[in-house]
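Here's query-v5.txt, which has compact mmCIF, C-alpha atoms and all ligand atoms:
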# COMPACT_ATOMS: atom_id res chain seq x y z
CA MET A 1 0.00 0.00 0.00
CA LYS A 2 1.19 3.51 -0.82
CA THR A 3 -0.20 6.68 0.69
CA ILE A 4 -0.04 9.97 -1.18
CA LEU A 5 -0.68 13.55 -0.14
CA ALA A 6 -1.57 15.76 -3.12
CA ILE A 7 -1.81 19.49 -3.76
CA GLU A 8 -3.72 21.16 -6.63
CA THR A 9 -3.57 24.91 -7.30
CA SER A 10 -3.52 25.16 -11.11
CA CYS A 11 -6.50 27.51 -11.46
CA ASP A 12 -9.13 28.81 -9.03
CA GLU A 13 -9.64 25.78 -6.81
CA THR A 14 -7.34 25.26 -3.84
CA ALA A 15 -7.30 21.58 -2.95
CA ILE A 16 -5.45 18.91 -1.03
CA SER A 17 -6.15 15.21 -0.66
CA CYS A 18 -4.74 12.17 1.09
CA ILE A 19 -5.33 8.76 -0.51
CA SER A 20 -3.96 5.24 -0.30
CA GLY A 21 -3.62 2.88 -3.21
CA GLU A 22 -3.12 -0.84 -3.49
CA GLY A 23 -2.94 -2.26 -7.00
CA GLU A 24 -5.79 -0.64 -8.97
CA ARG A 25 -7.80 0.23 -5.88
CA VAL A 26 -7.64 3.63 -4.23
CA VAL A 27 -9.29 4.96 -1.07
CA VAL A 28 -9.66 8.58 -0.03
CA HIS A 29 -8.77 9.38 3.60
CA LYS A 30 -9.25 13.14 3.61
CA GLU A 31 -9.81 15.85 1.02
CA PHE A 32 -10.48 19.56 0.87
CA VAL A 33 -11.52 21.72 -2.11
CA ARG A 34 -12.17 25.43 -1.81
CA SER A 35 -13.39 27.25 -4.89
CA GLN A 36 -12.47 30.90 -5.36
CA VAL A 37 -15.16 31.29 -8.00
CA GLU A 38 -17.05 34.08 -6.17
CA ILE A 39 -13.92 36.19 -5.96
CA HIS A 40 -13.14 35.83 -9.69
CA ALA A 41 -16.76 36.21 -10.82
CA ALA A 42 -16.47 39.93 -10.07
CA PHE A 43 -13.70 40.13 -12.73
CA GLY A 44 -15.57 37.99 -15.28
CA GLY A 45 -12.84 35.31 -15.23
CA VAL A 46 -9.88 34.01 -13.23
CA VAL A 47 -7.20 36.62 -12.41
CA PRO A 48 -3.93 34.66 -11.98
CA ASP A 49 -2.35 36.87 -9.30
CA VAL A 50 -5.55 37.03 -7.28
CA ALA A 51 -5.81 33.22 -7.52
CA ALA A 52 -2.20 32.87 -6.30
CA ARG A 53 -2.85 35.15 -3.29
CA GLU A 54 -5.93 33.16 -2.30
CA HIS A 55 -4.09 29.84 -2.73
CA VAL A 56 -1.46 30.96 -0.22
CA ALA A 57 -4.06 31.69 2.44
CA LEU A 58 -6.21 28.62 1.85
CA LEU A 59 -3.48 26.06 1.22
CA MET A 60 -1.53 26.81 4.40
CA ALA A 61 -4.63 26.19 6.55
CA MET A 62 -5.34 22.92 4.72
CA LEU A 63 -1.77 21.69 5.09
CA ARG A 64 -1.80 22.52 8.79
CA ASP A 65 -4.96 20.47 9.18
CA VAL A 66 -3.54 17.32 7.54
CA ALA A 67 -0.21 17.72 9.33
CA GLU A 68 -2.01 17.72 12.68
CA ASP A 69 -4.35 14.83 11.82
CA THR A 70 -2.85 11.81 13.57
CA SER A 71 -5.51 9.47 12.14
CA LEU A 72 -3.95 9.65 8.65
CA PRO A 73 -1.53 6.93 7.50
CA HIS A 74 2.14 7.72 7.00
CA TRP A 75 2.79 9.38 3.62
CA ASP A 76 5.01 7.72 1.00
CA ALA A 77 5.10 10.67 -1.41
CA LEU A 78 3.74 14.11 -2.14
CA ALA A 79 2.07 14.70 -5.52
CA VAL A 80 1.62 18.21 -6.89
CA THR A 81 0.13 19.65 -10.05
CA ALA A 82 3.10 21.00 -12.03
CA GLY A 83 1.03 22.14 -15.05
CA PRO A 84 -0.73 22.97 -17.27
CA GLY A 85 -2.33 25.92 -15.57
CA LEU A 86 -1.79 29.51 -14.47
CA ALA A 87 1.90 29.97 -13.62
CA PRO A 88 1.45 32.17 -10.49
CA ALA A 89 -1.19 29.76 -9.16
CA LEU A 90 0.85 26.62 -9.91
CA ARG A 91 3.89 28.17 -8.25
CA VAL A 92 2.10 28.42 -4.89
CA GLY A 93 1.28 24.70 -4.88
CA VAL A 94 4.72 23.63 -6.07
CA ALA A 95 6.53 25.86 -3.56
CA ALA A 96 4.35 24.58 -0.71
CA ALA A 97 4.89 20.98 -1.85
CA LYS A 98 8.65 21.45 -1.93
CA GLY A 99 8.73 22.92 1.55
CA PHE A 100 6.45 20.25 2.98
CA ALA A 101 8.31 17.40 1.27
CA GLU A 102 11.72 18.76 2.23
CA ALA A 103 10.74 19.04 5.89
CA ARG A 104 9.45 15.46 5.95
CA ASN A 105 11.96 13.95 3.58
CA LEU A 106 9.27 12.81 1.14
CA PRO A 107 9.75 12.27 -2.60
CA ILE A 108 7.71 14.56 -4.87
CA VAL A 109 5.70 13.34 -7.84
CA PRO A 110 5.01 16.15 -10.35
CA VAL A 111 1.60 15.54 -11.93
CA CYS A 112 0.05 16.79 -15.16
CA HIS A 113 -3.34 18.32 -14.41
CA LEU A 114 -4.91 16.63 -17.45
CA GLU A 115 -3.61 13.24 -16.39
CA GLY A 116 -5.29 13.95 -13.04
CA HIS A 117 -8.63 14.60 -14.77
CA ILE A 118 -8.38 11.19 -16.47
CA TYR A 119 -7.59 9.45 -13.16
CA ALA A 120 -10.71 10.94 -11.54
CA SER A 121 -12.48 7.99 -13.21
CA TRP A 122 -10.57 5.55 -10.99
CA LEU A 123 -12.96 6.44 -8.16
CA GLN A 124 -16.19 4.63 -9.06
CA GLU A 125 -18.84 3.71 -6.53
CA GLY A 126 -18.68 0.00 -7.38
CA GLY A 127 -14.87 0.03 -7.32
CA GLU A 128 -14.62 -0.86 -11.02
CA THR A 129 -11.76 0.83 -12.92
CA PRO A 130 -11.19 1.46 -16.66
CA SER A 131 -9.36 -1.26 -18.58
CA PHE A 132 -6.76 -0.61 -21.28
CA PRO A 133 -6.58 0.50 -23.98
CA ALA A 134 -8.85 3.36 -22.94
CA LEU A 135 -9.90 6.36 -24.98
CA ALA A 136 -10.27 9.56 -22.95
CA LEU A 137 -12.04 12.75 -23.91
CA ILE A 138 -10.59 15.61 -21.87
CA VAL A 139 -12.86 18.65 -21.90
CA SER A 140 -11.81 21.43 -19.55
CA GLY A 141 -11.61 25.21 -19.49
CA GLY A 142 -8.22 25.21 -21.23
CA HIS A 143 -8.08 21.90 -23.13
CA THR A 144 -10.09 19.67 -25.42
CA GLU A 145 -8.18 16.52 -26.33
CA ILE A 146 -8.78 12.91 -27.27
CA ILE A 147 -6.16 10.71 -25.63
CA LEU A 148 -5.42 7.04 -26.18
CA MET A 149 -4.26 5.56 -22.88
CA ARG A 150 -2.43 2.30 -23.51
CA GLY A 151 -1.54 1.71 -19.86
CA HIS A 152 -0.68 3.68 -16.74
CA GLY A 153 1.43 6.66 -17.73
CA ASP A 154 1.29 5.68 -21.42
CA PHE A 155 -0.63 8.37 -23.32
CA VAL A 156 -0.93 9.25 -27.01
CA ARG A 157 -2.82 12.34 -28.10
CA ILE A 158 -4.86 11.50 -31.18
CA GLY A 159 -6.85 14.73 -31.49
CA GLU A 160 -7.38 18.17 -30.02
CA THR A 161 -9.05 21.50 -30.66
CA VAL A 162 -7.35 23.78 -33.15
CA ASP A 163 -8.73 26.89 -31.40
CA ASP A 164 -10.92 27.36 -28.30
CA ALA A 165 -11.35 24.65 -25.68
CA ALA A 166 -14.93 23.40 -25.24
CA GLY A 167 -15.15 24.86 -21.71
CA GLU A 168 -13.74 28.16 -22.92
CA SER A 169 -16.47 28.36 -25.58
CA TYR A 170 -19.12 27.71 -22.88
CA ASP A 171 -17.64 30.52 -20.78
CA LYS A 172 -17.45 32.95 -23.73
CA VAL A 173 -20.99 32.26 -24.93
CA ALA A 174 -22.26 32.60 -21.35
CA THR A 175 -20.63 36.04 -21.17
CA MET A 176 -22.30 37.03 -24.46
CA LEU A 177 -25.64 35.90 -23.05
CA GLY A 178 -25.04 37.94 -19.89
CA LEU A 179 -24.98 34.85 -17.66
CA GLY A 180 -21.67 35.61 -15.90
CA TYR A 181 -18.69 33.41 -14.98
CA PRO A 182 -18.30 30.42 -14.95
CA GLY A 183 -20.64 29.88 -17.84
CA GLY A 184 -20.65 26.09 -18.22
CA PRO A 185 -23.03 25.21 -15.40
CA LYS A 186 -25.31 28.17 -16.26
CA ILE A 187 -25.66 27.18 -19.93
CA ASP A 188 -26.15 23.55 -18.87
CA ALA A 189 -29.07 24.57 -16.62
CA LEU A 190 -30.66 26.96 -19.15
CA ALA A 191 -30.32 24.44 -21.98
CA ARG A 192 -32.72 22.16 -20.13
CA VAL A 193 -35.56 24.63 -20.68
CA GLY A 194 -34.54 25.79 -24.18
CA ASN A 195 -35.10 24.22 -27.59
CA PRO A 196 -31.86 22.64 -28.94
CA GLN A 197 -33.23 22.80 -32.51
CA ALA A 198 -34.18 26.51 -32.39
CA TYR A 199 -30.94 27.73 -34.03
CA ALA A 200 -28.74 25.79 -36.45
CA PHE A 201 -25.24 26.64 -35.23
CA PRO A 202 -22.36 25.16 -37.30
CA ARG A 203 -20.48 21.93 -36.53
CA PRO A 204 -16.93 22.99 -37.56
CA MET A 205 -14.56 20.24 -38.74
CA GLU A 206 -17.35 17.70 -38.41
CA LYS A 207 -16.22 15.98 -41.58
CA SER A 208 -12.45 16.48 -41.25
CA GLY A 209 -12.03 12.69 -41.09
CA ASP A 210 -9.75 12.86 -38.05
CA ALA A 211 -10.00 13.58 -34.32
CA MET A 212 -9.25 17.32 -34.64
CA MET A 213 -11.91 19.75 -33.40
CA SER A 214 -12.83 23.44 -33.57
CA PHE A 215 -15.20 25.49 -31.43
CA SER A 216 -14.52 29.16 -32.13
CA GLY A 217 -16.82 29.23 -35.19
CA ILE A 218 -19.82 28.20 -33.08
CA LYS A 219 -19.12 31.07 -30.70
CA THR A 220 -18.90 33.56 -33.60
CA SER A 221 -22.13 32.24 -35.05
CA VAL A 222 -23.82 32.72 -31.65
CA LEU A 223 -22.51 36.31 -31.60
CA TYR A 224 -24.01 37.14 -35.04
CA THR A 225 -27.31 35.49 -34.15
CA LEU A 226 -27.47 37.47 -30.91
CA ARG A 227 -26.81 40.74 -32.74
CA GLU A 228 -29.56 40.08 -35.26
CA ILE A 229 -32.10 39.21 -32.57
CA THR A 230 -31.13 42.18 -30.40
CA ASP A 231 -31.22 44.62 -33.36
CA ALA A 232 -34.69 43.35 -34.25
CA GLY A 233 -35.75 43.97 -30.63
CA ASN A 234 -36.73 40.33 -30.13
CA MET A 235 -34.49 39.41 -27.20
CA ASN A 236 -36.15 37.75 -24.21
CA ASP A 237 -35.50 34.97 -21.65
CA ALA A 238 -36.96 32.24 -23.87
CA VAL A 239 -34.62 33.24 -26.72
CA VAL A 240 -31.61 33.14 -24.36
CA ALA A 241 -32.59 29.61 -23.28
CA ASP A 242 -33.04 28.52 -26.92
CA ILE A 243 -29.61 29.90 -27.84
CA ALA A 244 -28.03 28.15 -24.83
CA ALA A 245 -29.69 24.85 -25.79
CA SER A 246 -28.77 25.15 -29.50
CA PHE A 247 -25.17 26.10 -28.67
CA GLN A 248 -24.85 23.13 -26.29
CA GLU A 249 -26.35 20.83 -28.92
CA ALA A 250 -23.66 21.89 -31.42
CA VAL A 251 -20.76 21.43 -28.96
CA VAL A 252 -21.98 18.07 -27.63
CA ASP A 253 -22.71 16.88 -31.19
CA ILE A 254 -19.12 17.52 -32.25
CA LEU A 255 -17.61 15.90 -29.15
CA VAL A 256 -19.77 12.79 -29.43
CA LYS A 257 -19.23 12.43 -33.19
CA LYS A 258 -15.46 12.79 -32.87
CA MET A 259 -15.36 10.24 -30.05
CA ARG A 260 -17.54 7.79 -31.98
CA LYS A 261 -15.15 7.99 -34.93
CA ALA A 262 -12.10 7.57 -32.64
CA LEU A 263 -13.73 4.56 -30.98
CA ARG A 264 -14.25 2.91 -34.35
CA ASP A 265 -10.66 3.69 -35.37
CA TYR A 266 -8.94 2.59 -32.14
CA ARG A 267 -11.37 0.00 -30.67
CA PRO A 268 -10.54 0.70 -26.99
CA SER A 269 -12.01 -1.44 -24.22
CA SER A 270 -13.11 1.57 -22.19
CA VAL A 271 -14.08 5.21 -22.67
CA ILE A 272 -13.28 7.92 -20.11
CA LEU A 273 -14.92 11.33 -19.95
CA ALA A 274 -12.70 13.84 -18.10
CA GLY A 275 -12.38 17.53 -17.18
CA GLY A 276 -14.72 20.25 -15.91
CA VAL A 277 -17.08 19.99 -18.91
CA ALA A 278 -17.53 16.31 -17.95
CA ALA A 279 -19.97 17.78 -15.40
CA ASN A 280 -22.29 18.69 -18.30
CA SER A 281 -25.53 16.73 -18.03
CA GLU A 282 -26.16 16.43 -21.78
CA LEU A 283 -22.57 15.39 -22.56
CA ARG A 284 -22.61 12.77 -19.77
CA GLN A 285 -25.81 11.24 -21.09
CA ARG A 286 -24.88 11.30 -24.79
CA MET A 287 -21.35 9.94 -24.23
CA ARG A 288 -22.68 7.08 -22.14
CA LYS A 289 -25.27 6.21 -24.80
CA MET A 290 -22.73 6.39 -27.62
CA SER A 291 -20.20 4.22 -25.72
CA GLU A 292 -22.88 1.60 -25.05
CA GLU A 293 -23.91 1.62 -28.71
CA GLU A 294 -20.26 1.04 -29.67
CA GLY A 295 -19.88 -1.77 -27.11
CA CYS A 296 -17.39 0.03 -24.85
CA ALA A 297 -17.37 0.27 -21.05
CA PHE A 298 -17.99 3.90 -20.09
CA PHE A 299 -16.41 5.74 -17.15
CA MET A 300 -16.92 9.27 -15.92
CA PRO A 301 -16.19 10.91 -12.59
CA THR A 302 -18.94 11.80 -10.14
CA LEU A 303 -19.71 15.52 -10.36
CA ARG A 304 -17.41 16.53 -7.51
CA TYR A 305 -14.45 14.74 -9.08
CA ALA A 306 -15.20 16.14 -12.56
CA MET A 307 -14.32 19.63 -11.34
CA ASP A 308 -10.77 20.50 -10.24
CA ASN A 309 -9.77 18.64 -7.08
CA ALA A 310 -6.63 17.17 -5.49
CA THR A 311 -7.88 13.59 -5.18
CA MET A 312 -7.50 13.12 -8.95
CA ILE A 313 -3.93 14.47 -8.65
CA ALA A 314 -3.25 12.06 -5.78
CA ILE A 315 -4.46 9.08 -7.86
CA ALA A 316 -2.38 10.13 -10.88
CA GLY A 317 0.56 10.61 -8.49
CA TYR A 318 0.01 7.15 -6.99
CA PHE A 319 0.21 5.45 -10.41
CA ARG A 320 3.21 7.62 -11.36
CA LEU A 321 4.93 6.61 -8.13
CA LEU A 322 4.36 2.93 -8.90
CA SER A 323 6.07 3.38 -12.27
CA GLY A 324 9.02 5.29 -10.78
CA GLY A 325 7.83 8.86 -11.39
CA ALA A 326 9.00 10.30 -8.05
CA ARG A 327 11.75 12.90 -7.92
CA ASP A 328 14.02 14.49 -5.44
CA PRO A 329 12.14 17.52 -4.01
CA GLY A 330 14.81 19.87 -5.36
CA LEU A 331 14.02 18.93 -8.96
CA VAL A 332 10.40 19.99 -9.18
CA ALA A 333 9.75 23.08 -11.23
CA VAL A 334 6.55 24.75 -12.34
CA ASN A 335 5.78 24.04 -15.94
CA PRO A 336 2.64 25.88 -17.08
CA GLN A 337 2.72 23.90 -20.34
CA GLN A 338 3.29 20.48 -18.81
CA ASP A 339 1.39 17.86 -20.72
CA ILE A 340 1.05 14.09 -20.56
CA VAL A 341 2.12 13.45 -24.15
O1 LIG B 1 -11.41 21.22 -15.42
P1 LIG B 1 -11.92 22.52 -14.96
O2 LIG B 1 -12.59 22.59 -13.60
O3 LIG B 1 -10.77 23.57 -14.99
C1 LIG B 1 -9.76 23.50 -15.96
O4 LIG B 1 -8.88 22.62 -15.81
O5 LIG B 1 -9.88 24.26 -16.94
O6 LIG B 1 -12.92 23.03 -16.07
C2 LIG B 1 -13.56 24.26 -15.98
C3 LIG B 1 -14.45 24.40 -17.18
C4 LIG B 1 -15.06 25.80 -17.29
O7 LIG B 1 -14.89 26.24 -18.63
C5 LIG B 1 -16.52 25.56 -16.95
O8 LIG B 1 -17.40 26.49 -17.58
C6 LIG B 1 -16.72 24.16 -17.48
O9 LIG B 1 -15.56 23.48 -17.10
N1 LIG B 1 -17.89 23.52 -16.87
C7 LIG B 1 -18.98 23.12 -17.57
C8 LIG B 1 -19.90 22.60 -16.63
N2 LIG B 1 -19.34 22.69 -15.40
C9 LIG B 1 -18.11 23.24 -15.57
N3 LIG B 1 -19.25 23.19 -18.89
C10 LIG B 1 -20.45 22.73 -19.31
N4 LIG B 1 -21.39 22.23 -18.47
C11 LIG B 1 -21.16 22.14 -17.13
N5 LIG B 1 -22.10 21.63 -16.31
ZN ZN B 2 -9.11 21.09 -14.62
Kindly transcribe the structure held in the file into structure tokens.
Amino acid sequence: MKTILAIETSCDETAISCISGEGERVVVHKEFVRSQVEIHAAFGGVVPDVAAREHVALLMAMLRDVAEDTSLPHWDALAVTAGPGLAPALRVGVAAAKGFAEARNLPIVPVCHLEGHIYASWLQEGGETPSFPALALIVSGGHTEIILMRGHGDFVRIGETVDDAAGESYDKVATMLGLGYPGGPKIDALARVGNPQAYAFPRPMEKSGDAMMSFSGIKTSVLYTLREITDAGNMNDAVVADIAASFQEAVVDILVKKMRKALRDYRPSSVILAGGVAANSELRQRMRKMSEEEGCAFFMPTLRYAMDNATMIAIAGYFRLLSGGARDPGLVAVNPQQDIV
């Protein structure tokens, strides 16, 4: 059994988690996540320096709590998100991890945030875990990627967005609709009462024949549609809900179509939905249905583990540790671009 303490500060959630792993099974002993979303909402998005300042205050209190908790097992390593993310925010977590690890003589495992999102699916209620090869769709605020996972720590990127990330397009369209930040959950909720067929937004790169994706054209099309409706004086709450539903339909359509094609090309034994947009109700439902139709086992995190958290970083760190991914504490650096492939 290995026990890991993990720190996540890549964006606007400050989080720590303590887990133990044995083989494929992991158990969570203690976890904290504090969202700074209310602070950043006033700015219409995450301000990196403000996020870093908040991480300092929140993280120190969390670390003090776990350090004083005598019920926790002895730690074998400390995992920390090294990237991708906001550099000032990442730096707080990495600096804290180095100090903590140095003082306790623990090895550090630098973890890619995206790899963490994938490993959030290792925490299923029934204890079942994805089998390999697995095909993962990562949809977060900064990334949209299709990853072939051939084993632990063995990732190949087979497709990605050529422009905006899916989550970014949700946030931008939400701003256009006057819904505020973060937009994903707000569009998700509004889409339930709107008509997804009301507006025919484009499906860019739908027929590109590969796993590459594009979302910025949908956003632009929403902008033009909004202008026309506003200029004609026809804007009202029902129209906003219809636009939200039609926009979501276009994004989910692309993601599901691209994954269906990738599944047919790569024939994985499981499908993993990962990242903040994996909290989207429509995407969760459509991806599950599509995976079942294609005969693949489907895995997605529960809602709390879909959003940024440190437990997913701890699990990724645990599997990295097993395959020799630990480093001397002095070697860890912040890498805002760090990626798994
Ligand atoms: O993974 P995450 O928490 O942070 C990053 O690593 O980027 O993802 C945040 C993104 C935001 O763009 C947010 O709007 C989106 O996930 N999101 C959603 C939903 N919940 C969060 N997008 C669509 N529907 C949701 N329910
Ligand atoms: Zn994330």
With ligand LIG 1 (chain B) as the partner and 7 Å as the cut-off, tabulate the residues of chain A that qualify, each row holding the nearest pair of atoms and their distance in Å to one decimal, using all atoms listed in the file, sorted by chain and rising number, as JSON lines.
{"residue": "A:Cys11", "atom": "CA", "partner": "B:LIG1", "partner_atom": "O3", "distance": 6.8}
{"residue": "A:Ser140", "atom": "CA", "partner": "B:LIG1", "partner_atom": "O6", "distance": 4.0}
{"residue": "A:Gly141", "atom": "CA", "partner": "B:LIG1", "partner_atom": "O5", "distance": 3.2}
{"residue": "A:Gly142", "atom": "CA", "partner": "B:LIG1", "partner_atom": "O5", "distance": 4.7}
{"residue": "A:His143", "atom": "CA", "partner": "B:LIG1", "partner_atom": "O5", "distance": 6.9}
{"residue": "A:Gly167", "atom": "CA", "partner": "B:LIG1", "partner_atom": "O7", "distance": 3.4}
{"residue": "A:Glu168", "atom": "CA", "partner": "B:LIG1", "partner_atom": "O7", "distance": 4.8}
{"residue": "A:Tyr170", "atom": "CA", "partner": "B:LIG1", "partner_atom": "O8", "distance": 5.7}
{"residue": "A:Asp171", "atom": "CA", "partner": "B:LIG1", "partner_atom": "O8", "distance": 5.2}
{"residue": "A:Pro182", "atom": "CA", "partner": "B:LIG1", "partner_atom": "O8", "distance": 4.8}
{"residue": "A:Gly183", "atom": "CA", "partner": "B:LIG1", "partner_atom": "O8", "distance": 4.7}
{"residue": "A:Gly184", "atom": "CA", "partner": "B:LIG1", "partner_atom": "N3", "distance": 3.3}
{"residue": "A:Pro185", "atom": "CA", "partner": "B:LIG1", "partner_atom": "N5", "distance": 3.8}
{"residue": "A:Ile187", "atom": "CA", "partner": "B:LIG1", "partner_atom": "N4", "distance": 6.7}
{"residue": "A:Asp188", "atom": "CA", "partner": "B:LIG1", "partner_atom": "N4", "distance": 5.0}
{"residue": "A:Gly275", "atom": "CA", "partner": "B:LIG1", "partner_atom": "O1", "distance": 4.2}
{"residue": "A:Gly276", "atom": "CA", "partner": "B:LIG1", "partner_atom": "O6", "distance": 3.3}
{"residue": "A:Val277", "atom": "CA", "partner": "B:LIG1", "partner_atom": "N3", "distance": 3.9}
{"residue": "A:Ala278", "atom": "CA", "partner": "B:LIG1", "partner_atom": "C8", "distance": 6.9}
{"residue": "A:Ala279", "atom": "CA", "partner": "B:LIG1", "partner_atom": "N5", "distance": 4.5}
{"residue": "A:Asn280", "atom": "CA", "partner": "B:LIG1", "partner_atom": "N5", "distance": 3.6}
{"residue": "A:Ser281", "atom": "CA", "partner": "B:LIG1", "partner_atom": "N5", "distance": 6.2}
{"residue": "A:Ala306", "atom": "CA", "partner": "B:LIG1", "partner_atom": "O1", "distance": 7.0}
{"residue": "A:Met307", "atom": "CA", "partner": "B:LIG1", "partner_atom": "O2", "distance": 4.1}
{"residue": "A:Asp308", "atom": "CA", "partner": "B:LIG1", "partner_atom": "O2", "distance": 4.4}
(message) Could you check the closest approach to ligand ZN 2 (chain B) for each of A:Ile108, A:Met300, A:Leu58, A:Ile138 and tell me which residue wins, using all atoms listed in the file?
(response)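 Under the stated criterion, the closest residue is A:Ile138.
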(request) Counting all atoms listed in the file, figure out which residue out of A:Gly151, A:Pro301, A:Pro336, A:Pro48 gets nearest to Ala134 in chain A. (result)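 Looking at the shortest contact to Ala134 in chain A, the residue is A:Gly151.
Closest approach to Leu148 in chain A among A:Ile254, A:Val56, A:Ala174, A:Ala262: A:Ala262, based on all atoms listed in the file.
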(message) Can you measure CA of Lys219 in chain A to CA of Phe247 in chain A for me? One decimal in Å is fine.
(response)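 Separation of CA of Lys219 in chain A and CA of Phe247 in chain A: 8.1 Å.
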(request) Go through A:Arg286, A:Tyr181, A:Pro268, A:Ser323 one by one, measure the shortest atom-to-atom distance of each to Phe43 in chain A using only C-alpha atoms, and give the residue with the smallest value. (result) A:Tyr181
(request) Provide the CA of Ser20 in chain A to CA of Leu106 in chain A distance in Å, to one decimal place. (result)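 Computing it gives 15.3 Å between the two atoms.
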